[in-house]
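Below is my_file_21.cif, holding mmCIF, C-alpha atoms.
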```
data_my_file
#
loop_
_atom_site.label_atom_id
_atom_site.label_comp_id
_atom_site.auth_asym_id
_atom_site.auth_seq_id
_atom_site.Cartn_x
_atom_site.Cartn_y
_atom_site.Cartn_z
CA SER A 1 1.97 281.29 200.77
CA LEU A 2 3.53 278.02 199.55
CA ALA A 3 5.80 277.89 202.60
CA ALA A 4 2.88 278.32 204.99
CA HIS A 5 0.85 275.76 203.07
CA ALA A 6 3.68 273.21 203.19
CA PHE A 7 4.20 273.77 206.89
CA ILE A 8 0.49 273.49 207.75
CA ALA A 9 -0.04 270.36 205.71
CA THR A 10 3.10 268.66 207.03
CA ALA A 11 2.31 269.56 210.62
CA ALA A 12 -1.21 268.25 210.25
CA ALA A 13 0.00 264.94 208.79
CA ALA A 14 2.54 264.54 211.59
CA GLY A 15 -0.25 265.03 214.08
CA GLY A 16 -2.15 262.16 212.54
CA GLU A 17 -4.59 264.26 210.49
CA ARG A 18 -4.98 263.52 206.80
CA SER A 19 -7.70 266.19 206.48
CA PRO A 20 -5.86 269.56 206.22
CA PRO A 21 -7.03 272.58 208.19
CA PRO A 22 -8.96 275.38 206.39
CA GLN A 23 -5.79 277.24 205.32
CA ALA A 24 -4.41 274.16 203.55
CA GLN A 25 -7.82 273.24 202.08
CA GLN A 26 -8.09 276.69 200.56
CA ALA A 27 -4.63 276.31 198.98
CA THR A 28 -5.56 272.93 197.53
CA GLY A 29 -8.87 274.09 196.14
CA GLY A 30 -10.99 272.75 198.97
CA ARG A 31 -10.07 269.09 198.58
CA GLY A 32 -10.56 266.96 201.69
CA LEU A 33 -8.17 264.17 202.51
CA LEU A 34 -4.46 264.68 202.02
CA SER A 35 -3.00 261.96 199.75
CA ASP A 36 0.42 260.39 200.24
CA GLU A 37 1.60 261.98 197.02
CA GLN A 38 0.61 265.43 198.26
CA LEU A 39 2.24 264.83 201.65
CA VAL A 40 5.50 263.75 200.03
CA ARG A 41 5.37 266.84 197.81
CA TYR A 42 4.87 269.09 200.83
CA ILE A 43 7.73 267.46 202.71
CA CYS A 44 10.07 267.96 199.74
CA THR A 45 8.94 271.59 199.50
CA VAL A 46 9.83 272.15 203.14
CA GLY A 47 13.34 270.83 202.52
CA GLU A 48 13.89 273.04 199.49
CA LEU A 49 12.55 276.15 201.21
CA ALA A 50 14.69 275.48 204.29
CA GLN A 51 17.83 275.57 202.16
CA SER A 52 16.91 279.05 200.90
CA HIS A 53 15.94 280.50 204.29
CA PRO A 54 17.38 278.24 207.02
CA ARG A 55 17.17 280.85 209.77
CA ALA A 56 13.45 281.37 209.16
CA VAL A 57 12.56 277.75 209.93
CA PRO A 58 10.40 277.69 213.09
CA GLN A 59 11.16 275.26 215.89
CA ARG A 60 7.79 273.64 215.46
CA LEU A 61 8.66 272.66 211.89
CA LEU A 62 11.89 271.02 213.07
CA THR A 63 9.86 269.02 215.57
CA VAL A 64 7.39 268.02 212.86
CA MET A 65 10.13 266.75 210.54
CA GLN A 66 11.73 264.73 213.33
CA ALA A 67 8.33 263.23 214.14
CA LEU A 68 7.86 262.18 210.52
CA ILE A 69 10.99 260.02 210.55
CA ALA A 70 9.86 258.07 213.61
CA PRO A 71 9.48 254.32 212.92
CA PRO A 72 5.87 253.44 212.04
CA ALA A 73 3.72 251.48 214.44
CA ALA A 74 3.24 247.79 213.73
CA VAL A 75 0.40 247.09 211.32
CA GLY A 76 -1.49 243.97 210.45
CA PRO A 77 -0.82 241.76 207.42
CA ASP A 78 -3.81 243.24 205.59
CA SER A 79 -2.30 246.76 205.68
CA GLU A 80 0.61 246.28 203.26
CA GLN A 81 -0.42 249.27 201.14
CA HIS A 82 -0.59 251.45 204.22
CA ARG A 83 2.82 250.22 205.31
CA GLN A 84 4.35 251.06 201.94
CA SER A 85 2.86 254.55 202.03
CA GLN A 86 4.35 255.11 205.49
CA HIS A 87 7.79 254.16 204.20
CA ARG A 88 7.43 256.53 201.25
CA VAL A 89 6.62 259.37 203.59
CA ARG A 90 9.50 258.49 205.93
CA ALA A 91 11.95 258.27 203.03
CA ALA A 92 10.97 261.76 201.87
CA ALA A 93 11.11 263.07 205.43
CA PHE A 94 14.69 261.85 205.84
CA VAL A 95 15.74 263.80 202.75
CA ALA A 96 13.99 266.95 203.94
CA LEU A 97 15.48 266.59 207.41
CA GLY A 98 18.90 266.18 205.80
CA GLN A 99 18.40 269.43 203.90
CA LEU A 100 17.59 271.14 207.18
CA CYS A 101 20.70 269.61 208.79
CA LEU A 102 22.87 270.93 205.97
CA GLU A 103 22.00 274.47 207.01
CA LEU A 104 21.61 274.00 210.78
CA GLU A 105 24.68 272.47 212.45
CA PRO A 106 23.05 272.06 215.91
CA LEU A 107 20.29 270.02 214.29
CA ALA A 108 22.91 268.00 212.39
CA LYS A 109 24.69 267.11 215.64
CA LYS A 110 21.42 265.81 217.02
CA CYS A 111 20.24 263.93 213.95
CA ILE A 112 23.39 262.30 212.53
CA PRO A 113 23.46 259.47 215.15
CA VAL A 114 19.77 258.85 214.41
CA LEU A 115 20.49 258.67 210.68
CA ALA A 116 23.36 256.25 211.21
CA ARG A 117 21.20 254.00 213.37
CA GLU A 118 18.42 254.06 210.78
CA LEU A 119 20.89 253.10 208.04
CA GLU A 120 21.84 250.05 210.05
CA SER A 121 18.40 248.97 211.24
CA SER A 122 15.80 249.99 208.64
CA SER A 123 14.06 247.16 206.82
CA GLU A 124 13.15 249.28 203.79
CA ALA A 125 15.61 249.77 200.93
CA VAL A 126 14.16 253.17 199.95
CA VAL A 127 14.72 254.49 203.48
CA ARG A 128 18.27 253.11 203.67
CA ASN A 129 19.03 254.56 200.24
CA ASN A 130 17.82 258.05 201.16
CA VAL A 131 19.59 258.00 204.51
CA MET A 132 22.85 257.10 202.73
CA VAL A 133 22.41 260.06 200.36
CA VAL A 134 21.76 262.39 203.30
CA LEU A 135 24.78 261.17 205.29
CA CYS A 136 27.10 261.61 202.31
CA ASP A 137 25.82 265.15 201.73
CA LEU A 138 26.34 265.90 205.42
CA CYS A 139 29.86 264.47 205.18
CA VAL A 140 30.67 267.23 202.69
CA ARG A 141 29.16 270.02 204.80
CA HIS A 142 29.90 268.69 208.33
CA THR A 143 32.83 266.35 207.72
CA GLY A 144 33.95 266.18 211.34
CA LEU A 145 30.50 265.12 212.55
CA VAL A 146 30.09 262.28 210.03
CA ASP A 147 33.67 260.96 209.90
CA ARG A 148 33.22 258.50 212.78
CA TYR A 149 30.26 256.91 210.98
CA VAL A 150 32.07 256.26 207.68
CA PRO A 151 32.76 252.55 208.49
CA MET A 152 29.05 252.12 209.23
CA MET A 153 28.21 253.80 205.94
CA ALA A 154 30.65 251.52 204.12
CA ALA A 155 28.81 248.55 205.62
CA SER A 156 26.02 249.29 203.12
CA LEU A 157 28.33 247.97 200.39
CA ARG A 158 27.05 244.58 201.58
CA ASP A 159 23.41 245.63 201.75
CA ARG A 160 20.95 242.98 200.63
CA HIS A 161 19.44 245.32 198.00
CA PRO A 162 21.51 246.06 194.85
CA LEU A 163 20.19 249.64 194.64
CA VAL A 164 21.59 250.51 198.08
CA ARG A 165 24.93 248.84 197.32
CA ARG A 166 25.28 250.73 194.05
CA GLN A 167 24.29 254.06 195.60
CA THR A 168 26.73 253.55 198.47
CA LEU A 169 29.56 252.71 196.09
CA LEU A 170 29.05 255.78 193.90
CA LEU A 171 28.67 258.13 196.87
CA LEU A 172 31.78 256.82 198.64
CA LEU A 173 33.77 257.13 195.42
CA ARG A 174 32.81 260.79 195.21
CA LEU A 175 33.77 261.42 198.83
CA LEU A 176 37.10 259.63 198.40
CA GLN A 177 37.89 261.47 195.18
CA GLU A 178 37.23 264.84 196.81
CA ASP A 179 39.16 263.91 199.99
CA PHE A 180 36.20 264.17 202.34
CA VAL A 181 36.89 260.55 203.32
CA LYS A 182 40.32 258.95 203.78
CA TRP A 183 41.45 255.33 203.48
CA ARG A 184 41.57 254.86 207.24
CA GLY A 185 40.85 251.78 209.29
CA PRO A 186 39.04 248.91 207.59
CA LEU A 187 37.52 251.09 204.85
CA LEU A 188 39.55 249.58 201.99
CA SER A 189 38.81 245.98 202.99
CA ARG A 190 35.13 246.92 203.03
CA PHE A 191 35.33 248.73 199.72
CA VAL A 192 37.05 245.95 197.75
CA VAL A 193 34.22 243.47 198.31
CA ALA A 194 32.38 245.49 195.66
CA LEU A 195 34.97 244.20 193.16
CA VAL A 196 33.40 240.74 193.49
CA ASP A 197 29.76 241.79 193.96
CA ASP A 198 27.08 239.51 192.55
CA GLU A 199 25.90 242.34 190.26
CA ALA A 200 28.11 242.95 187.22
CA GLU A 201 27.20 246.66 187.14
CA ILE A 202 28.49 247.12 190.69
CA ARG A 203 31.68 245.13 189.98
CA ASP A 204 32.44 247.26 186.93
CA ALA A 205 31.76 250.52 188.78
CA ALA A 206 34.01 249.47 191.68
CA ARG A 207 36.87 248.56 189.36
CA PHE A 208 36.50 251.77 187.36
CA GLY A 209 36.44 253.80 190.57
CA LEU A 210 39.55 252.22 192.06
CA VAL A 211 41.61 251.93 188.91
CA THR A 212 40.60 255.08 187.04
CA MET A 213 39.23 257.59 189.53
CA LEU A 214 41.29 256.96 192.66
CA ARG A 215 44.59 255.54 191.43
CA SER A 216 45.92 258.93 190.34
CA LYS A 217 45.25 260.36 193.80
CA GLN A 218 46.62 257.30 195.62
CA PRO A 219 49.39 255.79 193.44
CA LEU A 220 50.60 253.54 196.30
CA LEU A 221 47.12 252.35 197.27
CA PHE A 222 47.37 248.88 195.72
CA PHE A 223 50.93 248.23 196.90
CA SER A 224 50.81 249.58 200.45
CA HIS A 225 47.57 247.80 201.43
CA PHE A 226 48.12 244.42 199.77
CA LEU A 227 49.27 242.46 202.82
CA GLU A 228 46.69 244.08 205.07
CA LEU A 229 44.05 243.03 202.58
CA LEU A 230 45.39 239.46 202.49
CA PHE A 231 44.91 239.11 206.25
CA ALA A 232 41.58 240.96 206.32
CA LEU A 233 39.88 238.99 203.55
CA ASN A 234 40.93 235.73 205.21
CA ASP A 235 39.65 237.03 208.59
CA TYR A 236 42.97 236.21 210.27
CA VAL A 237 43.12 238.34 213.44
CA HIS A 238 45.93 236.59 215.34
CA HIS A 239 48.83 238.50 213.81
CA ALA A 240 50.52 241.19 215.88
CA GLN A 241 50.45 243.77 213.07
CA TYR A 242 47.84 243.04 210.42
CA ASN A 243 44.04 243.16 210.59
CA GLN A 244 43.93 244.68 214.06
CA PHE A 245 41.07 247.11 213.42
CA GLN A 246 38.30 247.57 215.96
CA GLN A 247 35.41 245.62 214.45
CA THR A 248 32.56 243.56 215.79
CA PRO A 249 32.47 239.84 214.90
CA SER A 250 29.42 240.50 212.70
CA GLU A 251 31.25 243.24 210.78
CA ARG A 252 34.24 240.95 210.23
CA SER A 253 32.04 238.13 209.02
CA VAL A 254 30.23 240.40 206.54
CA PHE A 255 33.35 241.93 204.98
CA SER A 256 35.77 239.00 205.04
CA LEU A 257 35.83 236.26 202.42
CA PRO A 258 37.25 233.30 204.36
CA GLY A 259 37.38 229.65 203.45
CA PRO A 260 38.03 227.62 200.29
CA THR A 261 34.67 228.53 198.73
CA ASN A 262 35.62 232.22 198.64
CA ARG A 263 39.14 231.66 197.30
CA PRO A 264 38.20 232.54 193.68
CA LYS A 265 36.79 235.88 194.87
CA ARG A 266 39.90 236.64 196.93
CA MET A 267 42.19 235.77 194.04
CA ALA A 268 40.15 237.98 191.70
CA ILE A 269 40.73 240.92 194.06
CA PHE A 270 44.45 240.12 194.40
CA ARG A 271 44.85 239.97 190.61
CA ILE A 272 43.26 243.39 190.20
CA PHE A 273 45.65 244.84 192.79
CA LEU A 274 48.73 243.20 191.24
CA GLU A 275 47.80 244.42 187.77
CA GLN A 276 47.89 248.02 189.00
CA MET A 277 51.38 247.75 190.55
CA THR A 278 54.65 248.66 188.92
CA GLU A 279 57.24 245.91 188.51
CA GLU A 280 59.23 247.27 191.45
CA GLN A 281 56.10 247.17 193.62
CA ARG A 282 55.32 243.59 192.56
CA PHE A 283 58.88 242.58 193.45
CA GLN A 284 58.56 244.20 196.89
CA THR A 285 55.16 242.58 197.40
CA ALA A 286 56.63 239.15 196.67
CA ALA A 287 59.43 239.83 199.16
CA LYS A 288 56.88 240.85 201.82
CA LEU A 289 54.80 237.73 201.23
CA CYS A 290 57.91 235.60 201.60
CA HIS A 291 59.04 237.32 204.79
CA GLU A 292 55.71 238.01 206.53
CA VAL A 293 53.65 234.94 205.59
CA LEU A 294 55.87 232.06 204.47
CA ALA A 295 58.64 232.75 206.97
CA GLY A 296 55.98 233.66 209.56
CA VAL A 297 54.47 230.18 209.31
CA GLN A 298 57.89 228.57 209.42
CA ASP A 299 58.88 230.57 212.52
CA GLY A 300 55.57 229.99 214.31
CA LEU A 301 54.42 233.61 214.14
CA ILE A 302 51.40 232.43 212.12
CA SER A 303 49.92 229.31 213.66
CA LEU A 304 48.36 226.75 211.33
CA ALA A 305 46.21 225.67 214.28
CA HIS A 306 43.84 228.44 213.18
CA PRO A 307 41.77 227.42 210.13
CA GLU A 308 42.11 230.92 208.66
CA ALA A 309 45.92 230.56 208.65
CA ASN A 310 45.76 227.66 206.20
CA GLU A 311 43.78 229.72 203.69
CA LEU A 312 46.06 232.70 204.31
CA LEU A 313 49.13 230.59 203.46
CA ALA A 314 47.41 229.01 200.45
CA ASP A 315 46.59 232.48 199.09
CA ALA A 316 50.17 233.68 199.60
CA LEU A 317 51.54 230.64 197.75
CA ALA A 318 49.02 231.10 194.93
CA VAL A 319 49.90 234.80 194.56
CA LEU A 320 53.65 234.04 194.49
CA GLY A 321 53.04 231.54 191.71
CA SER A 322 50.66 233.73 189.71
CA GLN A 323 51.46 235.30 186.36
CA GLU A 324 50.42 238.73 187.62
CA ILE A 325 53.30 239.00 190.11
CA LYS A 326 56.05 237.87 187.75
CA ILE A 327 58.58 240.36 186.44
CA ALA A 328 59.14 240.43 182.68
CA GLY A 329 62.60 239.43 181.56
CA SER A 330 63.09 242.41 179.25
CA GLY A 331 61.60 245.77 178.40
CA LYS A 332 59.05 246.40 175.68
CA THR A 333 60.55 246.78 172.21
CA GLY A 334 59.37 246.70 168.64
CA ARG A 335 59.13 250.42 167.94
CA GLY A 336 59.25 251.83 164.44
CA ALA A 337 62.44 253.12 162.84
CA ASP A 338 60.97 256.62 162.50
CA GLU A 339 61.01 257.21 166.30
CA ASP A 340 63.06 260.24 167.28
CA ASP A 341 66.27 259.92 169.25
CA ASP A 342 64.66 260.82 172.57
CA ASP A 343 62.22 257.93 172.31
CA VAL A 344 65.00 255.51 171.35
CA THR A 345 67.11 256.69 174.28
CA MET A 346 64.17 256.23 176.63
CA ASP A 347 63.60 252.73 175.24
CA HIS A 348 67.23 251.79 175.90
CA GLN A 349 66.99 253.23 179.40
CA GLN A 350 63.90 251.15 180.06
CA GLN A 351 65.66 248.02 178.81
CA ALA A 352 68.66 248.70 181.02
CA LYS A 353 66.41 249.24 184.02
CA GLN A 354 64.51 246.06 183.21
CA HIS A 355 67.75 244.10 182.94
CA VAL A 356 68.94 245.31 186.35
CA LEU A 357 65.58 244.55 187.94
CA SER A 358 65.54 241.06 186.46
CA LYS A 359 68.94 240.36 187.99
CA ILE A 360 67.77 241.58 191.39
CA VAL A 361 64.63 239.43 191.16
CA LYS A 362 66.63 236.35 190.23
CA LYS A 363 69.01 236.91 193.12
CA SER A 364 66.11 237.35 195.54
CA VAL A 365 64.40 234.19 194.30
CA LEU A 366 67.55 232.07 194.64
CA GLU A 367 68.79 233.49 197.93
CA SER A 368 65.52 234.20 199.75
CA LEU A 369 62.36 232.77 198.22
CA VAL A 370 63.55 229.26 197.35
CA PRO A 371 65.27 228.58 200.71
CA THR A 372 62.18 229.88 202.52
CA VAL A 373 59.84 227.71 200.45
CA VAL A 374 62.06 224.65 200.99
CA GLY A 375 62.12 225.30 204.74
CA LEU A 376 58.35 225.81 204.75
CA ARG A 377 57.94 222.51 202.94
CA GLN A 378 59.79 220.71 205.72
CA THR A 379 57.60 222.42 208.32
CA LEU A 380 54.42 221.36 206.51
CA ILE A 381 55.67 217.79 206.11
CA ALA A 382 56.29 217.60 209.85
CA ALA A 383 52.81 218.99 210.52
CA ARG A 384 51.25 216.69 207.89
CA SER A 385 49.58 219.71 206.36
CA PRO A 386 47.50 219.38 203.19
CA LEU A 387 49.23 222.53 201.95
CA GLN A 388 52.26 220.45 200.92
CA ARG A 389 50.69 220.24 197.47
CA ASP A 390 50.46 224.05 197.22
CA VAL A 391 54.15 224.34 198.12
CA ALA A 392 55.05 221.67 195.58
CA THR A 393 53.10 223.57 192.89
CA LEU A 394 55.06 226.75 193.64
CA LEU A 395 58.38 224.88 193.59
CA VAL A 396 57.54 223.37 190.19
CA GLN A 397 56.84 226.85 188.83
CA LEU A 398 60.10 228.18 190.25
CA LEU A 399 61.96 225.23 188.74
CA HIS A 400 60.39 225.96 185.38
CA ASP A 401 61.42 229.63 185.52
CA TYR A 402 64.91 229.17 187.04
CA LYS A 403 65.84 225.58 186.14
CA ASP A 404 69.51 226.17 185.41
CA ASP A 405 70.01 228.26 188.53
CA LEU A 406 68.29 225.78 190.85
CA ASP A 407 70.45 222.78 189.96
CA GLU A 408 72.72 223.31 192.96
CA ILE A 409 69.74 223.34 195.35
CA LEU A 410 68.27 220.22 193.80
CA VAL A 411 71.58 218.37 194.12
CA ALA A 412 71.65 219.18 197.82
CA ASP A 413 68.06 217.99 198.43
CA LYS A 414 67.47 214.62 196.72
CA GLN A 415 63.90 214.29 198.02
CA LEU A 416 63.00 217.74 196.70
CA ALA A 417 64.55 216.90 193.32
CA GLN A 418 62.47 213.73 193.12
#
```
As structure tokens - that is how I would like this structure written.
Amino acid sequence: SLAAHAFIATAAAAGGERSPPPQAQQATGGRGLLSDEQLVRYICTVGELAQSHPRAVPQRLLTVMQALIAPPAAVGPDSEQHRQSQHRVRAAAFVALGQLCLELEPLAKKCIPVLARELESSSEAVVRNNVMVVLCDLCVRHTGLVDRYVPMMAASLRDRHPLVRRQTLLLLLRLLQEDFVKWRGPLLSRFVVALVDDEAEIRDAARFGLVTMLRSKQPLLFFSHFLELLFALNDYVHHAQYNQFQQTPSERSVFSLPGPTNRPKRMAIFRIFLEQMTEEQRFQTAAKLCHEVLAGVQDGLISLAHPEANELLADALAVLGSQEIKIAGSGKTGRGADEDDDDVTMDHQQQAKQHVLSKIVKKSVLESLVPTVVGLRQTLIAARSPLQRDVATLLVQLLHDYKDDLDEILVADKQLAQ
């Protein structure tokens, strides 16, 4: 039978024999050596058959499949073709073993740690790609067993091979959309690096996934994680509340974007997040930035002695001065005269709401943001910080937007007015 043939051929290859026994030779028409293509076909057949009859899989076959995924022995430089064939066989074996694990939970418990380790250590993109597919399938069937390895799986979003990064992104999007994976721990900060990937296809897919696929399920995603993301991307770990996830230094270095050279990437991510917020959420985000970052530096809760703190503050100042965080002064108008009364009423309601929000924003800017920025400026002057220019840039923008309302503050501070 085909099942017996697949088992015999696979077992023989695992035992180091490329010449099948008589049963397999008869099934193949008497051919001698077993080619890599045939071996891969047999391995895939085993996986498919195991899904149809999982309880009929003998223990010996499970041992054979586990033997096939073992790392190959070191080979000389003149054996590149042999090395590539070994990786092809291993990649197929991982898929077949994953199909067995889908049906056999005890085997899954044993193999999932091995799969996770292989994802992290394998040097071959095809193996890492197949292992990622297997782990994501197992996450659907055995969610509790795979959940602890989700951060490790997300680490493949920074894989050196574009194929693995793209596959990881698409698979994680599916798991997130179907609620098999939650936005816990550092997952979001790892996911958003795909928004600034070197490959345009991956950047577009990440933005489409966050904005179109996941926003409806997580309407507060962009607002509630903004400050956490600000600290995480700058790799600032000295705050009592933010960016306190359990991560190794290597993990932090891979998924953070610290320093002036990465500022354009960080700002690109922040702009995407701000564009998805409502005006009320942008207003609250600005208030949080003022209280947690600007006032935090002024009060000594964020020490500028750490290099990351300077970039953190510079980002906060840049976000507060950006166009994306500003609240429009009035609601959208310009509708046609043939609109029905309900639409006109809704338009007036929106304008009234916009007017109230604009007043609240102006009051917050004058009573909270401007005094905080002025106090921060004095702190930076005393510390001789190069960020004085960033503060001055923000103050100029505030003066441009609220010139008439800021006259009283400028009269009280002659140096600031100058």
Close residues, Leu195 (chain A) itself excluded, 12 Å, all atoms listed in the file, min 6 positions apart in chain, as a VMD selection string: chain A and resid 157 to 158 165 to 166 169 188 to 189 201 to 211 265 to 273
Picked residues, the PyMOL selection byres ((chain A and resi 308) around 10), as a list in words: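 Written out, the selection comes to Phe231, Leu233, Asn234, Asp235, Tyr236, Val237, His238, Pro258, Gly259, Pro260, Ser303, Leu304, Ala305, His306, Pro307, Ala309, Asn310, Glu311, Leu312, Leu313 and Ala314 of chain A.
Minimum atom-to-atom distances from A:Leu135, A:Val181, A:Val46, A:Ala116 to Met152 (chain A) were compared using only C-alpha atoms, and the lowest value belongs to A:Ala116.
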Residues in the PyMOL selection byres ((chain A and resi 394) around 12), expressed as a PDB file with C-alpha atoms, in the coordinates of the input:
```pdb
ATOM      1  CA  ALA A 314      47.410 229.010 200.450  1.00  0.00           C
ATOM      2  CA  ASP A 315      46.590 232.480 199.090  1.00  0.00           C
ATOM      3  CA  ALA A 316      50.170 233.680 199.600  1.00  0.00           C
ATOM      4  CA  LEU A 317      51.540 230.640 197.750  1.00  0.00           C
ATOM      5  CA  ALA A 318      49.020 231.100 194.930  1.00  0.00           C
ATOM      6  CA  VAL A 319      49.900 234.800 194.560  1.00  0.00           C
ATOM      7  CA  LEU A 320      53.650 234.040 194.490  1.00  0.00           C
ATOM      8  CA  GLY A 321      53.040 231.540 191.710  1.00  0.00           C
ATOM      9  CA  SER A 322      50.660 233.730 189.710  1.00  0.00           C
ATOM     10  CA  GLN A 323      51.460 235.300 186.360  1.00  0.00           C
ATOM     11  CA  VAL A 365      64.400 234.190 194.300  1.00  0.00           C
ATOM     12  CA  LEU A 369      62.360 232.770 198.220  1.00  0.00           C
ATOM     13  CA  VAL A 370      63.550 229.260 197.350  1.00  0.00           C
ATOM     14  CA  THR A 372      62.180 229.880 202.520  1.00  0.00           C
ATOM     15  CA  VAL A 373      59.840 227.710 200.450  1.00  0.00           C
ATOM     16  CA  VAL A 374      62.060 224.650 200.990  1.00  0.00           C
ATOM     17  CA  LEU A 376      58.350 225.810 204.750  1.00  0.00           C
ATOM     18  CA  ARG A 377      57.940 222.510 202.940  1.00  0.00           C
ATOM     19  CA  LEU A 387      49.230 222.530 201.950  1.00  0.00           C
ATOM     20  CA  GLN A 388      52.260 220.450 200.920  1.00  0.00           C
ATOM     21  CA  ARG A 389      50.690 220.240 197.470  1.00  0.00           C
ATOM     22  CA  ASP A 390      50.460 224.050 197.220  1.00  0.00           C
ATOM     23  CA  VAL A 391      54.150 224.340 198.120  1.00  0.00           C
ATOM     24  CA  ALA A 392      55.050 221.670 195.580  1.00  0.00           C
ATOM     25  CA  THR A 393      53.100 223.570 192.890  1.00  0.00           C
ATOM     26  CA  LEU A 395      58.380 224.880 193.590  1.00  0.00           C
ATOM     27  CA  VAL A 396      57.540 223.370 190.190  1.00  0.00           C
ATOM     28  CA  GLN A 397      56.840 226.850 188.830  1.00  0.00           C
ATOM     29  CA  LEU A 398      60.100 228.180 190.250  1.00  0.00           C
ATOM     30  CA  LEU A 399      61.960 225.230 188.740  1.00  0.00           C
ATOM     31  CA  HIS A 400      60.390 225.960 185.380  1.00  0.00           C
ATOM     32  CA  ASP A 401      61.420 229.630 185.520  1.00  0.00           C
TER      33      ASP A 401
END
```
Residue IDs satisfying the PyMOL selection byres ((chain A and resi 186) around 9), as a VMD selection string: chain A and resid 151 183 to 185 187 to 191 232 243 245 to 247
Atom pair CA of Pro386 (chain A) / CA of Ala295 (chain A): separation (Å):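 Atom-to-atom, CA of Pro386 (chain A) and CA of Ala295 (chain A) are spaced 17.8 Å apart.
For the residues A:Ala70, A:Val254, A:Val361, A:Val131, ranking by smallest atom-to-atom distance to Arg160 (chain A) using only C-alpha atoms places A:Val254 first.
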Within 10 Å of Glu292 (chain A) using all atoms listed in the file, minus same-chain residues under 4 positions, as a list in words: Leu227, Ala286, Ala287, Lys288, Gly296, Val297, Leu301, Ile302 and Ala316 of chain A
Between CA of Ala67 (chain A) and CA of Asp159 (chain A) - distance in Å to one decimal: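 Spanning CA of Asp159 (chain A) to CA of Ala67 (chain A) is a straight-line distance of 26.3 Å.
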